[in-house]
file start19.csv (CSV, C-alpha atoms and all ligand atoms)
chain,number,residue,atom,x,y,z
A,1,MET,CA,19.7,0.2,23.2
A,2,ASP,CA,20.8,-3.3,22.2
A,3,SER,CA,24.3,-3.2,20.7
A,4,LEU,CA,23.2,-5.7,18.1
A,5,LEU,CA,21.0,-3.1,16.5
A,6,HIS,CA,23.6,-0.6,15.7
A,7,ASP,CA,24.1,-1.6,12.1
A,8,TRP,CA,23.2,-4.2,9.5
A,9,PRO,CA,25.5,-7.3,9.6
A,10,GLU,CA,26.4,-7.0,5.9
A,11,PRO,CA,26.1,-4.4,3.2
A,12,VAL,CA,22.5,-4.0,2.2
A,13,VAL,CA,21.6,-4.5,-1.5
A,14,ALA,CA,18.4,-3.2,-2.8
A,15,VAL,CA,16.2,-5.9,-4.3
A,16,GLN,CA,15.2,-3.4,-7.0
A,17,SER,CA,18.9,-3.2,-8.2
A,18,ILE,CA,19.0,-7.0,-8.5
A,19,ALA,CA,15.7,-7.1,-10.3
A,20,GLU,CA,16.8,-4.4,-12.7
A,21,SER,CA,20.2,-6.1,-13.4
A,22,GLY,CA,18.3,-8.4,-15.7
A,23,SER,CA,19.7,-11.6,-14.1
A,24,THR,CA,17.5,-14.6,-14.7
A,25,LEU,CA,18.7,-16.3,-11.5
A,26,ILE,CA,18.1,-15.0,-8.0
A,27,PRO,CA,21.0,-14.9,-5.6
A,28,ASN,CA,21.1,-17.9,-3.2
A,29,LYS,CA,20.3,-15.7,-0.2
A,30,TYR,CA,16.8,-15.2,-1.5
A,31,VAL,CA,16.1,-18.9,-2.2
A,32,LYS,CA,13.8,-20.3,0.5
A,33,PRO,CA,13.9,-23.8,1.9
A,34,ALA,CA,11.4,-26.0,-0.1
A,35,ALA,CA,8.9,-26.1,2.8
A,36,ASP,CA,8.6,-22.2,2.8
A,37,ARG,CA,8.3,-21.7,-1.0
A,38,PRO,CA,5.1,-20.3,-2.3
A,39,THR,CA,2.1,-22.1,-3.5
A,40,VAL,CA,0.8,-20.7,-6.7
A,41,PRO,CA,-2.0,-18.2,-6.1
A,42,GLY,CA,-5.3,-19.8,-6.5
A,43,SER,CA,-4.1,-23.4,-6.0
A,44,SER,CA,-4.9,-23.7,-2.3
A,45,ALA,CA,-6.2,-27.2,-2.6
A,46,GLY,CA,-8.7,-26.0,-5.2
A,47,ARG,CA,-10.8,-24.3,-2.6
A,48,GLU,CA,-12.2,-20.9,-3.2
A,49,LEU,CA,-11.7,-19.5,0.2
A,50,SER,CA,-11.5,-15.8,0.9
A,51,ILE,CA,-11.2,-13.5,3.9
A,52,PRO,CA,-14.5,-11.9,5.0
A,53,ILE,CA,-15.6,-8.7,3.4
A,54,ILE,CA,-17.3,-6.3,5.7
A,55,ASP,CA,-19.3,-3.2,4.9
A,56,LEU,CA,-18.5,-0.4,7.4
A,57,GLY,CA,-21.0,2.0,5.8
A,58,LYS,CA,-23.5,1.0,8.5
A,59,LEU,CA,-21.2,2.3,11.2
A,60,ALA,CA,-21.5,5.9,9.9
A,61,GLY,CA,-24.1,6.8,12.5
A,62,GLY,CA,-22.0,5.5,15.4
A,63,VAL,CA,-20.8,2.0,16.4
A,64,VAL,CA,-23.1,1.3,19.3
A,65,ASP,CA,-26.2,0.2,17.5
A,66,CYS,CA,-24.6,-1.9,14.8
A,67,ARG,CA,-24.8,-5.4,16.2
A,68,ALA,CA,-24.5,-7.1,12.8
A,69,VAL,CA,-21.3,-5.3,11.9
A,70,ILE,CA,-19.8,-5.9,15.4
A,71,ARG,CA,-20.7,-9.6,15.0
A,72,ALA,CA,-19.1,-9.8,11.6
A,73,ILE,CA,-15.9,-8.2,12.7
A,74,SER,CA,-15.7,-10.3,15.8
A,75,ASP,CA,-16.2,-13.5,13.8
A,76,ALA,CA,-13.6,-12.4,11.3
A,77,CYS,CA,-11.1,-11.7,14.1
A,78,ARG,CA,-11.7,-15.1,15.7
A,79,ASP,CA,-11.8,-17.2,12.5
A,80,TRP,CA,-9.3,-15.4,10.2
A,81,GLY,CA,-7.6,-12.6,12.0
A,82,PHE,CA,-8.1,-10.7,8.7
A,83,PHE,CA,-10.9,-9.0,6.8
A,84,GLN,CA,-11.4,-6.5,4.0
A,85,VAL,CA,-13.5,-3.4,4.6
A,86,VAL,CA,-15.5,-1.5,2.0
A,87,ASN,CA,-17.4,1.8,2.6
A,88,HIS,CA,-14.7,2.5,5.2
A,89,GLY,CA,-15.0,6.3,5.0
A,90,VAL,CA,-11.3,6.8,4.1
A,91,ASP,CA,-11.1,9.5,1.4
A,92,MET,CA,-10.3,7.8,-1.9
A,93,GLU,CA,-8.6,10.9,-3.2
A,94,VAL,CA,-6.1,10.5,-0.4
A,95,VAL,CA,-5.7,6.8,-1.1
A,96,ARG,CA,-4.9,7.5,-4.7
A,97,ALA,CA,-2.6,10.3,-3.8
A,98,VAL,CA,-0.6,8.3,-1.2
A,99,LEU,CA,-0.2,5.4,-3.7
A,100,GLY,CA,0.9,7.9,-6.3
A,101,VAL,CA,3.6,9.6,-4.2
A,102,TRP,CA,5.1,6.3,-3.0
A,103,ARG,CA,5.1,4.8,-6.5
A,104,GLU,CA,7.0,7.9,-7.6
A,105,PHE,CA,9.4,7.6,-4.6
A,106,PHE,CA,10.4,4.0,-5.6
A,107,LYS,CA,11.0,5.2,-9.2
A,108,LEU,CA,13.7,7.7,-8.0
A,109,PRO,CA,17.3,6.9,-8.9
A,110,MET,CA,18.9,4.5,-6.5
A,111,GLU,CA,21.4,7.0,-5.2
A,112,GLU,CA,18.5,9.3,-4.2
A,113,LYS,CA,16.8,6.6,-2.3
A,114,LYS,CA,20.0,5.4,-0.7
A,115,LYS,CA,20.4,8.9,0.9
A,116,LEU,CA,17.6,7.8,3.2
A,117,ALA,CA,19.0,4.3,3.9
A,118,ASN,CA,17.9,3.0,7.2
A,119,SER,CA,19.6,1.4,10.1
A,120,PRO,CA,18.2,-1.3,12.4
A,121,ARG,CA,18.2,1.1,15.3
A,122,THR,CA,14.9,2.7,14.4
A,123,TYR,CA,14.2,1.2,11.0
A,124,GLU,CA,13.1,4.6,9.7
A,125,GLY,CA,13.9,5.1,6.1
A,126,TYR,CA,14.7,3.1,2.9
A,127,GLY,CA,15.6,-0.5,3.6
A,128,SER,CA,15.7,-4.0,2.2
A,129,ARG,CA,16.0,-6.3,5.1
A,130,LEU,CA,14.3,-7.0,8.4
A,131,GLY,CA,16.4,-8.6,11.1
A,132,VAL,CA,20.1,-8.3,11.8
A,133,GLU,CA,21.1,-12.0,11.9
A,134,LYS,CA,24.1,-12.5,9.6
A,135,ASP,CA,23.6,-14.9,6.7
A,136,SER,CA,19.9,-15.1,7.3
A,137,SER,CA,17.6,-15.7,4.3
A,138,LEU,CA,16.4,-12.5,2.7
A,139,ASP,CA,13.1,-11.5,1.2
A,140,TRP,CA,12.4,-10.2,-2.3
A,141,GLY,CA,11.3,-6.7,-1.3
A,142,ASP,CA,12.4,-3.2,-0.5
A,143,TYR,CA,10.5,-0.9,1.8
A,144,PHE,CA,10.3,2.6,3.4
A,145,TYR,CA,9.5,2.7,7.1
A,146,LEU,CA,8.4,5.8,9.0
A,147,HIS,CA,7.0,6.8,12.4
A,148,LEU,CA,3.8,8.9,12.6
A,149,LEU,CA,2.9,8.8,16.2
A,150,PRO,CA,3.6,9.9,18.9
A,151,HIS,CA,4.5,13.3,17.4
A,152,CYS,CA,7.7,13.5,19.5
A,153,ILE,CA,9.3,10.6,17.6
A,154,LYS,CA,8.2,11.6,14.1
A,155,ASN,CA,11.3,12.7,12.4
A,156,PHE,CA,10.8,14.5,9.1
A,157,ASP,CA,14.6,14.4,8.4
A,158,LYS,CA,14.1,10.7,7.7
A,159,TRP,CA,11.2,11.2,5.3
A,160,PRO,CA,11.5,11.8,1.5
A,161,THR,CA,11.5,15.4,0.3
A,162,VAL,CA,10.8,14.1,-3.2
A,163,PRO,CA,8.1,13.9,-4.4
A,164,GLY,CA,7.2,17.2,-2.9
A,165,ALA,CA,3.8,16.3,-1.7
A,166,CYS,CA,4.9,13.1,0.0
A,167,ARG,CA,5.0,14.4,3.6
A,168,GLU,CA,1.7,16.2,3.5
A,169,ILE,CA,-0.1,13.3,1.8
A,170,THR,CA,1.4,10.7,4.0
A,171,GLU,CA,0.4,12.6,7.1
A,172,GLU,CA,-3.1,13.0,5.9
A,173,TYR,CA,-3.3,9.3,5.0
A,174,GLY,CA,-2.0,8.5,8.5
A,175,ARG,CA,-4.7,10.7,10.2
A,176,GLN,CA,-7.4,8.8,8.3
A,177,MET,CA,-5.8,5.5,9.2
A,178,VAL,CA,-5.8,6.4,12.9
A,179,ASN,CA,-9.6,7.3,12.6
A,180,LEU,CA,-10.3,4.0,10.9
A,181,CYS,CA,-8.3,2.0,13.5
A,182,GLU,CA,-10.1,3.8,16.3
A,183,THR,CA,-13.4,2.8,14.9
A,184,VAL,CA,-12.3,-0.8,14.7
A,185,MET,CA,-10.9,-0.6,18.3
A,186,LYS,CA,-14.4,0.5,19.4
A,187,VAL,CA,-16.0,-2.4,17.6
A,188,LEU,CA,-13.6,-4.8,19.2
A,189,SER,CA,-14.1,-3.4,22.7
A,190,MET,CA,-17.8,-3.8,22.4
A,191,SER,CA,-17.6,-7.2,20.9
A,192,LEU,CA,-15.5,-8.4,23.9
A,193,GLY,CA,-18.2,-7.0,26.2
A,194,PHE,CA,-16.5,-3.7,27.2
A,195,ASP,CA,-17.2,0.0,26.8
A,196,VAL,CA,-16.4,1.5,23.5
A,197,GLY,CA,-13.2,3.1,24.8
A,198,PHE,CA,-11.8,0.1,26.6
A,199,LEU,CA,-9.2,-1.2,24.2
A,200,LYS,CA,-7.9,2.3,23.3
A,201,GLU,CA,-7.5,3.1,26.9
A,202,LYS,CA,-5.5,-0.2,27.4
A,203,PHE,CA,-3.3,1.0,24.5
A,204,GLY,CA,-2.4,4.2,26.3
A,205,GLY,CA,-5.3,6.5,25.2
A,206,GLU,CA,-4.1,9.5,23.4
A,207,GLU,CA,-0.5,8.3,23.5
A,208,ILE,CA,-0.9,5.4,21.1
A,209,GLY,CA,1.8,4.8,18.5
A,210,ALA,CA,1.5,4.6,14.7
A,211,CYS,CA,4.0,3.8,11.9
A,212,MET,CA,3.9,2.8,8.3
A,213,ARG,CA,5.8,0.6,6.0
A,214,VAL,CA,5.5,1.1,2.3
A,215,ASN,CA,6.5,-2.3,0.7
A,216,TYR,CA,7.9,-2.4,-2.8
A,217,TYR,CA,8.1,-5.9,-4.4
A,218,PRO,CA,10.1,-5.8,-7.7
A,219,THR,CA,9.4,-8.4,-10.4
A,220,CYS,CA,11.3,-11.6,-9.8
A,221,PRO,CA,12.8,-14.0,-12.3
A,222,GLN,CA,12.2,-17.0,-10.1
A,223,PRO,CA,9.2,-16.3,-8.0
A,224,GLU,CA,8.6,-19.9,-7.2
A,225,LEU,CA,11.8,-20.0,-5.1
A,226,THR,CA,11.3,-17.0,-2.9
A,227,LEU,CA,8.9,-14.8,-1.0
A,228,GLY,CA,8.4,-11.0,-1.0
A,229,LEU,CA,7.9,-11.1,2.7
A,230,SER,CA,8.3,-14.3,4.8
A,231,ALA,CA,5.6,-15.6,7.0
A,232,HIS,CA,5.1,-13.5,10.1
A,233,SER,CA,2.4,-12.0,12.3
A,234,ASP,CA,2.3,-8.3,12.9
A,235,PRO,CA,3.8,-7.3,16.3
A,236,GLY,CA,1.5,-4.3,16.9
A,237,GLY,CA,-2.2,-3.8,17.5
A,238,LEU,CA,-4.0,-3.4,14.2
A,239,THR,CA,-2.7,-3.3,10.7
A,240,VAL,CA,-4.5,-1.6,7.8
A,241,LEU,CA,-3.1,-2.7,4.4
A,242,LEU,CA,-3.6,-0.8,1.3
A,243,ALA,CA,-2.7,-3.4,-1.3
A,244,ASP,CA,-2.1,-3.0,-5.0
A,245,ASP,CA,-5.5,-3.8,-6.4
A,246,ARG,CA,-4.0,-5.0,-9.8
A,247,VAL,CA,-1.5,-7.5,-8.5
A,248,PRO,CA,-2.3,-10.0,-5.8
A,249,GLY,CA,0.5,-11.2,-3.5
A,250,LEU,CA,-0.7,-11.4,0.1
A,251,GLN,CA,-1.4,-14.8,1.5
A,252,VAL,CA,-3.1,-15.5,4.8
A,253,ARG,CA,-2.7,-18.8,6.7
A,254,LYS,CA,-5.8,-20.9,7.2
A,255,GLY,CA,-4.9,-24.1,8.9
A,256,ASN,CA,-2.3,-25.7,6.7
A,257,ASP,CA,-3.3,-23.7,3.6
A,258,TRP,CA,-2.2,-20.3,2.4
A,259,VAL,CA,-5.2,-18.4,1.1
A,260,THR,CA,-4.5,-15.7,-1.5
A,261,VAL,CA,-6.2,-12.4,-0.8
A,262,ASN,CA,-7.9,-10.9,-3.9
A,263,PRO,CA,-7.9,-7.2,-3.2
A,264,ILE,CA,-11.2,-5.5,-4.1
A,265,PRO,CA,-10.6,-2.1,-5.7
A,266,GLY,CA,-11.2,0.6,-3.1
A,267,ALA,CA,-11.2,-1.8,-0.2
A,268,LEU,CA,-8.7,-1.9,2.7
A,269,ILE,CA,-7.4,-5.1,4.4
A,270,ILE,CA,-7.4,-5.1,8.2
A,271,ASN,CA,-5.7,-7.6,10.5
A,272,VAL,CA,-5.2,-8.2,14.2
A,273,GLY,CA,-1.7,-7.9,15.5
A,274,ASP,CA,0.0,-9.7,18.4
A,275,GLN,CA,-0.9,-7.0,20.9
A,276,ILE,CA,-4.6,-7.6,20.4
A,277,GLN,CA,-4.1,-11.3,20.6
A,278,VAL,CA,-2.3,-10.8,24.0
A,279,LEU,CA,-4.9,-8.3,25.4
A,280,SER,CA,-7.8,-10.5,24.4
A,281,ASN,CA,-6.1,-13.6,25.8
A,282,ALA,CA,-6.2,-15.1,22.3
A,283,THR,CA,-9.9,-14.5,21.7
A,284,TYR,CA,-8.8,-12.7,18.6
A,285,LYS,CA,-6.0,-14.1,16.5
A,286,SER,CA,-3.0,-12.5,15.1
A,287,VAL,CA,-2.6,-14.7,12.0
A,288,GLU,CA,0.5,-15.5,10.0
A,289,HIS,CA,0.7,-14.0,6.5
A,290,ARG,CA,3.3,-13.7,3.8
A,291,VAL,CA,3.8,-12.2,0.4
A,292,VAL,CA,4.5,-14.0,-2.9
A,293,VAL,CA,6.0,-12.2,-5.9
A,294,ASN,CA,5.8,-12.7,-9.6
A,295,GLU,CA,7.7,-12.4,-12.8
A,296,ALA,CA,5.5,-10.0,-14.6
A,297,GLU,CA,4.6,-7.2,-12.4
A,298,GLU,CA,6.0,-5.2,-9.5
A,299,ARG,CA,3.7,-4.6,-6.5
A,300,LEU,CA,3.4,-1.8,-4.0
A,301,SER,CA,1.5,-2.0,-0.7
A,302,ILE,CA,1.2,0.4,2.3
A,303,ALA,CA,0.9,-1.2,5.7
A,304,PHE,CA,-0.2,1.1,8.5
A,305,PHE,CA,0.4,-0.1,12.0
A,306,TYR,CA,-1.7,1.1,15.0
A,307,ASN,CA,0.3,0.3,18.1
A,308,PRO,CA,0.1,0.6,21.9
A,309,LYS,CA,2.1,3.3,23.7
A,310,SER,CA,5.5,1.8,23.7
A,311,ASP,CA,6.4,1.7,27.4
A,312,LEU,CA,3.2,0.4,28.7
A,313,PRO,CA,3.3,-3.2,30.0
A,314,LEU,CA,0.5,-5.1,28.2
A,315,GLU,CA,-1.0,-8.4,29.3
A,316,PRO,CA,-4.4,-10.2,28.9
A,317,VAL,CA,-7.2,-8.2,30.5
A,318,LYS,CA,-8.4,-9.9,33.6
A,319,GLU,CA,-12.0,-10.2,32.5
A,320,LEU,CA,-10.9,-12.5,29.7
A,321,ILE,CA,-9.0,-14.9,32.0
A,322,THR,CA,-11.2,-17.7,33.1
A,323,GLN,CA,-10.9,-21.2,34.5
A,324,ASP,CA,-11.3,-22.6,31.0
A,325,ARG,CA,-8.9,-20.1,29.6
A,326,PRO,CA,-6.1,-19.2,32.0
A,327,GLN,CA,-3.8,-16.2,31.3
A,328,LEU,CA,-1.9,-17.2,28.2
A,329,TYR,CA,0.7,-14.5,28.0
A,330,ARG,CA,2.9,-12.6,30.4
A,331,ALA,CA,3.2,-8.8,30.5
A,332,MET,CA,5.6,-7.0,28.2
A,333,THR,CA,5.9,-3.5,26.8
A,334,PHE,CA,5.7,-3.0,23.1
A,335,ASN,CA,9.3,-1.6,23.1
A,336,GLU,CA,10.6,-4.9,24.5
A,337,TYR,CA,8.3,-6.9,22.2
A,338,ARG,CA,9.3,-5.4,18.9
A,339,LEU,CA,13.0,-5.9,19.6
A,340,TYR,CA,12.4,-9.5,18.7
A,341,ILE,CA,11.2,-8.9,15.1
A,342,ARG,CA,13.8,-6.1,14.7
A,343,LYS,CA,16.6,-8.7,15.4
A,344,LYS,CA,15.2,-11.8,13.9
A,345,GLY,CA,13.1,-10.5,11.1
A,346,PRO,CA,9.9,-12.2,10.1
A,347,SER,CA,9.6,-15.6,11.8
A,348,GLY,CA,6.1,-16.9,11.7
A,349,LYS,CA,4.3,-16.9,15.1
A,350,THR,CA,7.4,-17.7,17.2
A,351,GLN,CA,7.4,-14.3,18.9
A,352,VAL,CA,3.9,-14.4,20.4
A,353,GLU,CA,4.5,-18.1,21.3
A,354,SER,CA,7.6,-17.1,23.2
A,355,LEU,CA,5.5,-14.9,25.5
A,356,LYS,CA,3.7,-18.1,26.7
A,357,ALA,CA,6.5,-18.8,29.2
A,358,MET,CA,4.5,-18.4,32.4
B,1,LIG,C1,3.4,-6.1,6.3
B,1,LIG,C2,2.7,-7.1,5.4
B,1,LIG,C3,1.7,-7.5,3.3
B,1,LIG,C4,1.8,-7.0,1.9
B,1,LIG,O1,4.0,-5.1,5.8
B,1,LIG,O2,3.5,-6.4,7.6
B,1,LIG,O3,2.3,-8.1,5.9
B,1,LIG,O4,0.9,-7.4,1.1
B,1,LIG,N1,2.5,-6.7,4.2
B,1,LIG,O5,2.7,-6.2,1.5
B,2,NI,NI,2.4,-8.1,8.0
call {"tool": "encode", "arguments": {"input": "start19.csv", "output": "structure tokens", "more": "lines below"}}
Ligand code: OGA
Ligand code: NI
result
Amino acid sequence: MDSLLHDWPEPVVAVQSIAESGSTLIPNKYVKPAADRPTVPGSSAGRELSIPIIDLGKLAGGVVDCRAVIRAISDACRDWGFFQVVNHGVDMEVVRAVLGVWREFFKLPMEEKKKLANSPRTYEGYGSRLGVEKDSSLDWGDYFYLHLLPHCIKNFDKWPTVPGACREITEEYGRQMVNLCETVMKVLSMSLGFDVGFLKEKFGGEEIGACMRVNYYPTCPQPELTLGLSAHSDPGGLTVLLADDRVPGLQVRKGNDWVTVNPIPGALIINVGDQIQVLSNATYKSVEHRVVVNEAEERLSIAFFYNPKSDLPLEPVKELITQDRPQLYRAMTFNEYRLYIRKKGPSGKTQVESLKAM
């Protein structure tokens, strides 16, 4: 293991503690350079753009005969890298329950949460920073990160015991997320011209990985100067985001604009991660996104990450390499790949770009 990842470079301060201190100014570390500061939600050049909304209800009888849905998802992954799904089959009781237990967790006294403080070695636990570079700019958010799959790396010792139902509900939510991601993987396999099981097989079949980050964005006295989560693309395969449906915050890059996602109650937001961009030789795009915060309301989101088996070298599939589109990325395992974000923190699309050195 890389020696840089043994510990954080400076003491970690929970953003929640700063927010609750009542200060009207945010510390300098959270102030972003002018070019990175948020645009006000809804002001993206006055245009009413939104990520596609896709009804998965039609897939209930099996994915094979649903050309229209396959087409819609494929177009969304090419044009946006993001879409919202409705009628996704995930049990809404479980959705409500998982939001409930994690809202409760973040309300626990700070000393309780700090007992589960994480280190950059695995990131599991309660944390407030991504990346280990000293003096780097920080984001206005705390999080809880945990591993779900493979079973051998799931470590309950690092999970909260309070609230009592947290483990059971989070595991059930995780199972439902795996099912949803596997449906999307089937759709993407077919839309690229392969058998339904193709992409999952490329990800390592039954040995895929899964982890979750619960993001907690406290209210912020100067939201125009900072970000809840800086621009990044997700390093893994697919992400399913359960976003707070009362408080918008997620923005997705579209050309030079940032488009604010207006969550639909009951919907889930799905996006393509870097590993799908690599496997598909950039047919599908892992798109930059970021989070803005606000003065009035805290926001909670749950990001579920569906990832390839971590020690499998991944590279563009040969059927998608053509004369017009040569192989864009070199092979790398996910273990190697995610070291980058673990060290540097969110840094736009620089990571997948760095794979281009062929
Ligand atoms: C993430 C992420 C968005 C959000 O956790 O990778 O992009 O709205 N989260 O919290
Ligand atoms: Ni993300």
call {"tool": "residues_near_ligand", "arguments": {"input": "start19.csv", "ligand": "ligand LIG 1 (chain B)", "cutoff": "7 Å", "atoms": "only C-alpha atoms and all ligand atoms", "output": "number ranges by chain"}}
result
A: 213, 215, 234, 241, 243, 249-250, 289-291, 301-303
call {"tool": "residues_around", "arguments": {"input": "start19.csv", "residues": "segment 330-344 of chain A", "least_positions_apart": "5", "cutoff": "7 Å", "atoms": "all atoms listed in the file", "output": "ChimeraX atom specification"}}
result
/A:120,130-133,235,308,310-315,351,355-356,358
call {"tool": "atom_distance", "arguments": {"input": "start19.csv", "atom1": "atom CA of Ser128 of chain A", "atom2": "atom CA of Gly81 of chain A"}}
result
26.7 Å
call {"tool": "closest_residue", "arguments": {"input": "start19.csv", "among": "A:Pro11, A:Gly228, A:Gly255, A:Pro221", "to": "ligand NI 2 (chain B)", "atoms": "all atoms listed in the file"}}
result
A:Gly228
call {"tool": "closest_residue", "arguments": {"input": "start19.csv", "among": "A:Val240, A:Ala282, A:Ala267, A:Leu56", "to": "ligand NI 2 (chain B)", "atoms": "all atoms listed in the file"}}
result
A:Val240
call {"tool": "closest_residue", "arguments": {"input": "start19.csv", "among": "A:Ile270, A:Gln327, A:Lys309, A:Pro316", "to": "ligand NI 2 (chain B)", "atoms": "only C-alpha atoms and all ligand atoms"}}
result
A:Ile270
call {"tool": "residues_around", "arguments": {"input": "start19.csv", "residues": "Val247 of chain A", "least_positions_apart": "2", "cutoff": "8 Å", "atoms": "all atoms listed in the file", "output": "ChimeraX atom specification"}}
result
/A:244-245,249,297-299
call {"tool": "residues_around", "arguments": {"input": "start19.csv", "residues": "segment 146-155 of chain A", "least_positions_apart": "4", "cutoff": "6 Å", "atoms": "only C-alpha atoms", "output": "list of chain:residue names"}}
result
A:Glu124, A:Gly209, A:Ala210, A:Cys211, A:Met212
call {"tool": "closest_residue", "arguments": {"input": "start19.csv", "among": "A:Ser136, A:Thr350, A:Gln323, A:Ser74", "to": "Ser189 of chain A", "atoms": "only C-alpha atoms"}}
result
A:Ser74
call {"tool": "closest_residue", "arguments": {"input": "start19.csv", "among": "A:Gly273, A:Gly62, A:Pro163, A:Pro326", "to": "Gly237 of chain A", "atoms": "all atoms listed in the file"}}
result
A:Gly273
call {"tool": "closest_residue", "arguments": {"input": "start19.csv", "among": "A:Glu353, A:Asp142, A:Glu201, A:Glu224", "to": "Ala117 of chain A", "atoms": "all atoms listed in the file"}}
result
A:Asp142
call {"tool": "atom_distance", "arguments": {"input": "start19.csv", "atom1": "atom CA of Pro109 of chain A", "atom2": "atom CA of Tyr126 of chain A"}}
result
12.7 Å
call {"tool": "residues_near_point", "arguments": {"input": "start19.csv", "point": "(-1.3, -19.0, 0.0)", "cutoff": "7 Å", "atoms": "only C-alpha atoms", "output": "PyMOL selection string"}}
result
chain A and resi 38-39+41+44+251-253+257-260
call {"tool": "residues_around", "arguments": {"input": "start19.csv", "residues": "Ser233 of chain A", "least_positions_apart": "3", "cutoff": "8 Å", "atoms": "only C-alpha atoms", "output": "list in words"}}
result
Gly273, Asp274, Ser286, Val287, Glu288, His289, Pro346, Gly348 and Lys349 of chain A
call {"tool": "atom_distance", "arguments": {"input": "start19.csv", "atom1": "atom CA of Pro223 of chain A", "atom2": "atom CA of Ile51 of chain A"}}
result
23.8 Å
call {"tool": "residues_around", "arguments": {"input": "start19.csv", "residues": "Thr219 of chain A", "least_positions_apart": "3", "cutoff": "12 Å", "atoms": "only C-alpha atoms", "output": "mmCIF file with C-alpha atoms, in the coordinates of the input"}}
result
data_model
loop_
_atom_site.group_PDB
_atom_site.id
_atom_site.type_symbol
_atom_site.label_atom_id
_atom_site.label_comp_id
_atom_site.auth_asym_id
_atom_site.auth_seq_id
_atom_site.Cartn_x
_atom_site.Cartn_y
_atom_site.Cartn_z
ATOM 1 C CA VAL A 15 16.200 -5.900 -4.300
ATOM 2 C CA GLN A 16 15.200 -3.400 -7.000
ATOM 3 C CA SER A 17 18.900 -3.200 -8.200
ATOM 4 C CA ILE A 18 19.000 -7.000 -8.500
ATOM 5 C CA ALA A 19 15.700 -7.100 -10.300
ATOM 6 C CA GLU A 20 16.800 -4.400 -12.700
ATOM 7 C CA SER A 21 20.200 -6.100 -13.400
ATOM 8 C CA GLY A 22 18.300 -8.400 -15.700
ATOM 9 C CA SER A 23 19.700 -11.600 -14.100
ATOM 10 C CA THR A 24 17.500 -14.600 -14.700
ATOM 11 C CA ILE A 26 18.100 -15.000 -8.000
ATOM 12 C CA TRP A 140 12.400 -10.200 -2.300
ATOM 13 C CA GLY A 141 11.300 -6.700 -1.300
ATOM 14 C CA ASP A 142 12.400 -3.200 -0.500
ATOM 15 C CA TYR A 216 7.900 -2.400 -2.800
ATOM 16 C CA GLN A 222 12.200 -17.000 -10.100
ATOM 17 C CA PRO A 223 9.200 -16.300 -8.000
ATOM 18 C CA GLU A 224 8.600 -19.900 -7.200
ATOM 19 C CA THR A 226 11.300 -17.000 -2.900
ATOM 20 C CA LEU A 227 8.900 -14.800 -1.000
ATOM 21 C CA GLY A 228 8.400 -11.000 -1.000
ATOM 22 C CA VAL A 247 -1.500 -7.500 -8.500
ATOM 23 C CA GLY A 249 0.500 -11.200 -3.500
ATOM 24 C CA VAL A 292 4.500 -14.000 -2.900
ATOM 25 C CA VAL A 293 6.000 -12.200 -5.900
ATOM 26 C CA ASN A 294 5.800 -12.700 -9.600
ATOM 27 C CA GLU A 295 7.700 -12.400 -12.800
ATOM 28 C CA ALA A 296 5.500 -10.000 -14.600
ATOM 29 C CA GLU A 297 4.600 -7.200 -12.400
ATOM 30 C CA GLU A 298 6.000 -5.200 -9.500
ATOM 31 C CA ARG A 299 3.700 -4.600 -6.500
ATOM 32 C CA LEU A 300 3.400 -1.800 -4.000
#
call {"tool": "decode", "arguments": {"input": "start19.csv", "residues": "segment 119-128 of chain A", "atoms": "N, CA and C atoms", "output": "PDB file, in the first residue's frame"}}
result
ATOM      1  N   SER A 119      -9.755   6.643   7.623  1.00  0.00           N
ATOM      2  CA  SER A 119      -8.403   6.989   7.207  1.00  0.00           C
ATOM      3  C   SER A 119      -8.358   6.816   5.689  1.00  0.00           C
ATOM      4  N   PRO A 120      -7.378   7.434   5.030  1.00  0.00           N
ATOM      5  CA  PRO A 120      -7.340   7.327   3.566  1.00  0.00           C
ATOM      6  C   PRO A 120      -6.931   5.939   3.075  1.00  0.00           C
ATOM      7  N   ARG A 121      -6.602   5.053   3.983  1.00  0.00           N
ATOM      8  CA  ARG A 121      -6.196   3.707   3.581  1.00  0.00           C
ATOM      9  C   ARG A 121      -7.333   2.974   2.868  1.00  0.00           C
ATOM     10  N   THR A 122      -8.532   3.000   3.463  1.00  0.00           N
ATOM     11  CA  THR A 122      -9.681   2.348   2.814  1.00  0.00           C
ATOM     12  C   THR A 122     -10.859   3.306   2.652  1.00  0.00           C
ATOM     13  N   TYR A 123     -10.766   4.442   3.283  1.00  0.00           N
ATOM     14  CA  TYR A 123     -11.845   5.433   3.277  1.00  0.00           C
ATOM     15  C   TYR A 123     -13.096   5.009   4.041  1.00  0.00           C
ATOM     16  N   GLU A 124     -13.140   3.798   4.536  1.00  0.00           N
ATOM     17  CA  GLU A 124     -14.359   3.347   5.223  1.00  0.00           C
ATOM     18  C   GLU A 124     -14.579   4.148   6.492  1.00  0.00           C
ATOM     19  N   GLY A 125     -15.810   4.582   6.683  1.00  0.00           N
ATOM     20  CA  GLY A 125     -16.143   5.276   7.912  1.00  0.00           C
ATOM     21  C   GLY A 125     -16.550   6.713   7.663  1.00  0.00           C
ATOM     22  N   TYR A 126     -16.523   7.473   8.769  1.00  0.00           N
ATOM     23  CA  TYR A 126     -16.982   8.860   8.762  1.00  0.00           C
ATOM     24  C   TYR A 126     -15.827   9.764   8.357  1.00  0.00           C
ATOM     25  N   GLY A 127     -16.043  10.604   7.373  1.00  0.00           N
ATOM     26  CA  GLY A 127     -14.945  11.439   6.900  1.00  0.00           C
ATOM     27  C   GLY A 127     -15.410  12.777   6.389  1.00  0.00           C
ATOM     28  N   SER A 128     -14.425  13.646   6.123  1.00  0.00           N
ATOM     29  CA  SER A 128     -14.742  14.994   5.656  1.00  0.00           C
ATOM     30  C   SER A 128     -13.816  15.444   4.552  1.00  0.00           C
TER      31      SER A 128
END
